[in-house]
>>> print(open('start.txt').read())   # compact mmCIF, C-alpha atoms
# COMPACT_ATOMS: atom_id res chain seq x y z
CA MET R 1 135.64 87.40 15.69
CA THR R 2 132.73 89.28 14.23
CA GLY R 3 130.74 89.71 17.41
CA THR R 4 130.77 89.08 21.12
CA ARG R 5 127.77 86.75 21.16
CA GLY R 6 127.58 83.29 19.66
CA PRO R 7 124.93 82.27 17.18
CA SER R 8 121.38 82.12 18.45
CA LEU R 9 119.82 78.72 18.84
CA GLN R 10 116.33 77.62 18.33
CA VAL R 11 115.58 75.05 21.02
CA VAL R 12 112.00 74.34 20.04
CA PRO R 13 110.88 75.00 16.49
CA GLY R 14 108.89 78.20 16.51
CA GLY R 15 109.90 78.94 20.12
CA PRO R 16 111.99 81.80 21.50
CA ARG R 17 115.60 82.04 20.38
CA LEU R 18 118.23 81.64 23.11
CA ASP R 19 121.80 82.80 23.46
CA ARG R 20 124.40 79.99 23.80
CA ARG R 21 125.05 80.76 27.45
CA ASP R 22 121.37 80.94 28.30
CA PHE R 23 120.87 77.70 26.45
CA LEU R 24 123.67 76.01 28.40
CA ARG R 25 122.48 77.43 31.71
CA GLU R 26 119.03 76.05 31.07
CA LEU R 27 120.44 72.66 30.08
CA TYR R 28 122.69 72.53 33.14
CA THR R 29 119.87 73.45 35.50
CA GLN R 30 117.43 70.96 34.04
CA HIS R 31 119.70 68.05 33.14
CA GLY R 32 122.93 68.40 35.12
CA GLY R 33 121.93 65.74 37.63
CA SER R 34 121.02 63.25 34.91
CA VAL R 35 124.29 63.83 33.05
CA LEU R 36 126.25 63.43 36.29
CA GLY R 37 124.39 60.19 36.99
CA ARG R 38 125.29 58.81 33.57
CA CYS R 39 128.95 59.78 34.06
CA ARG R 40 129.05 58.16 37.52
CA TYR R 41 127.47 55.00 36.17
CA LEU R 42 130.00 54.68 33.37
CA LEU R 43 133.16 55.88 35.12
CA LYS R 44 132.51 54.40 38.60
CA ASP R 45 134.33 57.34 40.20
CA ALA R 46 132.62 60.42 41.64
CA ALA R 47 135.51 62.85 41.00
CA LYS R 48 136.05 61.66 37.42
CA ALA R 49 132.30 61.79 36.84
CA GLU R 50 132.08 65.39 37.98
CA ASP R 51 134.96 66.38 35.71
CA ALA R 52 133.35 64.48 32.85
CA MET R 53 130.02 66.21 33.44
CA HIS R 54 131.74 69.60 33.14
CA ASP R 55 133.46 68.42 29.97
CA VAL R 56 130.08 67.36 28.56
CA PHE R 57 128.58 70.78 29.17
CA ALA R 58 131.67 72.49 27.77
CA ARG R 59 131.29 70.38 24.64
CA ALA R 60 127.58 71.22 24.53
CA LEU R 61 128.48 74.91 24.69
CA THR R 62 131.02 74.69 21.88
CA HIS R 63 128.75 72.51 19.72
CA ALA R 64 125.44 74.12 20.59
CA GLU R 65 124.79 74.91 16.94
CA ASP R 66 124.79 71.15 16.26
CA PHE R 67 121.69 70.70 18.39
CA ARG R 68 118.88 70.44 15.86
CA ALA R 69 116.00 69.74 18.25
CA ASP R 70 115.34 66.42 16.47
CA ALA R 71 115.46 64.83 19.91
CA SER R 72 115.16 66.25 23.40
CA PRO R 73 118.09 68.20 24.86
CA LEU R 74 118.46 65.44 27.48
CA THR R 75 118.91 62.81 24.77
CA TRP R 76 121.53 64.98 23.08
CA LEU R 77 123.41 65.54 26.36
CA MET R 78 123.28 61.83 27.25
CA LYS R 79 124.74 60.97 23.86
CA ILE R 80 127.58 63.43 24.44
CA ALA R 81 128.10 62.10 28.00
CA THR R 82 128.14 58.47 26.91
CA HIS R 83 130.63 59.08 24.11
CA HIS R 84 132.85 61.22 26.33
CA CYS R 85 132.93 58.69 29.19
CA LEU R 86 133.54 55.73 26.89
CA ASN R 87 136.38 57.62 25.20
CA GLN R 88 137.83 58.42 28.61
CA LEU R 89 137.68 54.74 29.66
CA ARG R 90 139.24 53.71 26.35
CA GLY R 91 142.00 56.27 26.85
CA GLU R 92 142.77 54.93 30.32
CA ARG R 93 143.47 51.52 28.80
CA ALA R 94 145.69 52.91 26.03
CA GLY R 95 149.20 51.50 25.82
CA TRP R 96 150.88 54.89 26.01
CA ARG R 97 149.25 55.49 29.40
CA GLN R 98 151.01 52.49 30.99
CA TRP R 99 154.30 53.68 29.52
CA PHE R 100 153.69 57.19 30.87
CA GLU R 101 152.77 55.92 34.37
CA ARG R 102 155.81 53.62 34.43
CA ASP R 103 158.02 56.52 33.35
CA ALA R 104 156.53 58.81 35.99
CA ALA R 105 157.05 56.17 38.67
CA THR R 106 160.75 55.92 37.86
CA ARG R 107 161.45 59.64 38.06
CA PRO R 108 164.15 60.61 40.51
CA GLU R 109 161.90 62.43 42.97
CA GLY R 110 161.29 59.09 44.66
CA HIS R 111 164.97 58.08 44.88
CA GLY R 112 167.49 60.86 44.93
CA GLY R 113 165.39 63.95 44.57
CA GLN R 114 166.83 67.29 43.54
CA ASP R 115 170.47 66.13 43.49
CA VAL R 116 169.74 63.59 40.77
CA MET R 117 167.81 66.19 38.78
CA GLU R 118 170.70 68.67 39.01
CA THR R 119 173.13 66.00 37.81
CA ARG R 120 170.87 65.19 34.86
CA ASP R 121 170.66 68.86 33.91
CA LEU R 122 174.45 69.19 34.05
CA VAL R 123 174.83 66.09 31.88
CA ARG R 124 172.45 67.52 29.28
CA ARG R 125 174.43 70.75 29.05
CA LEU R 126 177.74 68.93 28.68
CA LEU R 127 176.56 66.47 26.03
CA ARG R 128 176.92 69.07 23.31
CA ARG R 129 180.65 69.20 23.96
CA VAL R 130 181.55 65.54 23.25
CA ASP R 131 181.38 62.98 20.42
CA ALA R 132 178.40 60.68 19.81
CA GLU R 133 179.84 57.57 21.50
CA THR R 134 180.78 59.52 24.63
CA GLN R 135 177.30 61.06 24.60
CA ALA R 136 175.73 57.60 24.49
CA ALA R 137 177.97 56.33 27.30
CA ALA R 138 177.22 59.38 29.46
CA VAL R 139 173.47 59.14 28.93
CA HIS R 140 173.38 55.43 29.69
CA TYR R 141 175.57 55.82 32.77
CA HIS R 142 174.39 59.11 34.30
CA VAL R 143 170.78 59.36 33.11
CA ASP R 144 169.69 55.74 32.71
CA GLY R 145 171.65 54.60 35.76
CA MET R 146 173.37 51.71 34.00
CA THR R 147 176.60 50.18 35.32
CA LEU R 148 179.90 50.47 33.46
CA GLU R 149 179.58 46.84 32.44
CA GLU R 150 176.07 47.34 31.06
CA VAL R 151 177.14 50.40 29.08
CA ALA R 152 180.15 48.53 27.69
CA VAL R 153 177.99 45.63 26.52
CA LEU R 154 175.39 47.97 25.02
CA LEU R 155 177.97 50.00 23.08
CA GLY R 156 180.17 47.03 22.15
CA ARG R 157 183.24 48.43 23.90
CA SER R 158 185.40 47.32 26.80
CA VAL R 159 184.82 48.53 30.36
CA PRO R 160 188.17 50.42 30.38
CA THR R 161 187.20 52.23 27.16
CA ILE R 162 183.86 53.25 28.60
CA ARG R 163 185.55 54.33 31.85
CA LYS R 164 188.02 56.52 29.89
CA ARG R 165 185.21 58.14 27.90
CA LEU R 166 183.24 58.81 31.08
CA GLU R 167 186.33 60.20 32.82
CA HIS R 168 186.86 62.59 29.91
CA PHE R 169 183.20 63.59 30.17
CA ALA R 170 183.55 63.98 33.95
CA GLU R 171 186.52 66.33 33.49
CA LEU R 172 184.16 68.65 31.65
CA GLY R 173 181.59 68.43 34.44
CA GLY R 174 183.84 68.59 37.44
CA GLU R 175 183.61 66.71 40.72
CA GLU R 176 179.90 65.87 40.42
CA LEU R 177 180.45 63.47 37.52
CA LYS R 178 183.48 61.51 38.75
CA VAL R 179 183.31 57.82 37.83
CA PRO R 180 184.01 55.48 40.78
>>> encode(input="start.txt", output="structure tokens")
Amino acid sequence: MTGTRGPSLQVVPGGPRLDRRDFLRELYTQHGGSVLGRCRYLLKDAAKAEDAMHDVFARALTHAEDFRADASPLTWLMKIATHHCLNQLRGERAGWRQWFERDAATRPEGHGGQDVMETRDLVRRLLRRVDAETQAAAVHYHVDGMTLEEVAVLLGRSVPTIRKRLEHFAELGGEELKVP
């Protein structure tokens, strides 16, 4: 960085030059309510709207040099707010979000808690010590929660073969990984 202050901005052609922070403070004081109103209208949620409003002003601060005074500062802020809120709504409908929420809902905290997490950590440490097929069987059985029959079908092996592989894996892990 060459200096501690950002570039000066000219809000009104021929007017006084303002520091970025002063510029933002002035914008926030004058137009914060309007930006919040736009965010509430688009997002339909007061908490999300408040967060979005802060994001809008953060963006205005980082892109203050883009403000050319062709339009009013309110118009510029409303454009930023509208784009930000629409992007947020679009992101909430994204396919990865449903996958992430589904994955979070199936985490062991809701059904097994810390014991399940400790078992998963032990399994991860032991995986390095066995062959690829045993790794696959152990992951499907201990991490994914599949039955012996399901693992056997998935790997194209018999149930006794899968049981033997899991028993070998369990010997490495001790009592916690015994296969019933």
>>> atom_distance(input="start.txt", atom1="atom CA of R:Phe57", atom2="atom CA of R:Leu24")
7.2 Å
>>> residues_around(input="start.txt", residues="R:Leu155", least_positions_apart="6", cutoff="12 Å", atoms="all atoms listed in the file", output="PyMOL selection string")
chain R and resi 132-141+146+148-149+161-162+165
>>> write_last_selection(input="start.txt", atoms="C-alpha atoms", output="JSON list (two decimals), in the frame of the given file")
[["chain", "number", "residue", "atom", "x", "y", "z"],
["R", 132, "ALA", "CA", 178.40, 60.68, 19.81],
["R", 133, "GLU", "CA", 179.84, 57.57, 21.50],
["R", 134, "THR", "CA", 180.78, 59.52, 24.63],
["R", 135, "GLN", "CA", 177.30, 61.06, 24.60],
["R", 136, "ALA", "CA", 175.73, 57.60, 24.49],
["R", 137, "ALA", "CA", 177.97, 56.33, 27.30],
["R", 138, "ALA", "CA", 177.22, 59.38, 29.46],
["R", 139, "VAL", "CA", 173.47, 59.14, 28.93],
["R", 140, "HIS", "CA", 173.38, 55.43, 29.69],
["R", 141, "TYR", "CA", 175.57, 55.82, 32.77],
["R", 146, "MET", "CA", 173.37, 51.71, 34.00],
["R", 148, "LEU", "CA", 179.90, 50.47, 33.46],
["R", 149, "GLU", "CA", 179.58, 46.84, 32.44],
["R", 161, "THR", "CA", 187.20, 52.23, 27.16],
["R", 162, "ILE", "CA", 183.86, 53.25, 28.60],
["R", 165, "ARG", "CA", 185.21, 58.14, 27.90]]
>>> atom_distance(input="start.txt", atom1="atom CA of R:Asn87", atom2="atom CA of R:Tyr28")
21.7 Å
>>> residues_around(input="start.txt", residues="R:Ala49", least_positions_apart="2", cutoff="9 Å", atoms="all atoms listed in the file", output="tab-separated table (two decimals) with C-alpha atoms, keeping the file's coordinate frame")
chain	number	residue	atom	x	y	z
R	36	LEU	CA	126.25	63.43	36.29
R	37	GLY	CA	124.39	60.19	36.99
R	38	ARG	CA	125.29	58.81	33.57
R	39	CYS	CA	128.95	59.78	34.06
R	40	ARG	CA	129.05	58.16	37.52
R	41	TYR	CA	127.47	55.00	36.17
R	42	LEU	CA	130.00	54.68	33.37
R	43	LEU	CA	133.16	55.88	35.12
R	44	LYS	CA	132.51	54.40	38.60
R	45	ASP	CA	134.33	57.34	40.20
R	46	ALA	CA	132.62	60.42	41.64
R	47	ALA	CA	135.51	62.85	41.00
R	51	ASP	CA	134.96	66.38	35.71
R	52	ALA	CA	133.35	64.48	32.85
R	53	MET	CA	130.02	66.21	33.44
R	54	HIS	CA	131.74	69.60	33.14
R	85	CYS	CA	132.93	58.69	29.19
>>> closest_residue(input="start.txt", among="R:Ala81, R:Ala94, R:Ala69, R:Val130", to="R:Glu167", atoms="all atoms listed in the file")
R:Val130
>>> closest_residue(input="start.txt", among="R:Leu166, R:Val56, R:Val159, R:Leu154", to="R:His142", atoms="only C-alpha atoms")
R:Leu166
>>> atom_distance(input="start.txt", atom1="atom CA of R:Leu126", atom2="atom CA of R:Lys164")
16.2 Å
>>> closest_residue(input="start.txt", among="R:Glu65, R:Leu89, R:Arg124, R:Gly33", to="R:Asp19", atoms="all atoms listed in the file")
R:Glu65
>>> axis_aligned_box(input="start.txt", around="stretch 134-140 of chain R", padding_each_side="4 Å", output="JSON")
{"center_x": 177.1, "center_y": 58.2, "center_z": 27.1, "size_x": 15.4, "size_y": 13.6, "size_z": 13.2}
>>> closest_residue(input="start.txt", among="R:Arg157, R:Arg93, R:Lys79, R:Arg163", to="R:Arg59", atoms="only C-alpha atoms")
R:Lys79
>>> closest_residue(input="start.txt", among="R:Leu86, R:Lys48, R:Leu74, R:Asp66", to="R:Thr29", atoms="all atoms listed in the file")
R:Leu74
>>> closest_residue(input="start.txt", among="R:His63, R:Glu150, R:Gln30, R:Leu172", to="R:Arg125", atoms="only C-alpha atoms")
R:Leu172
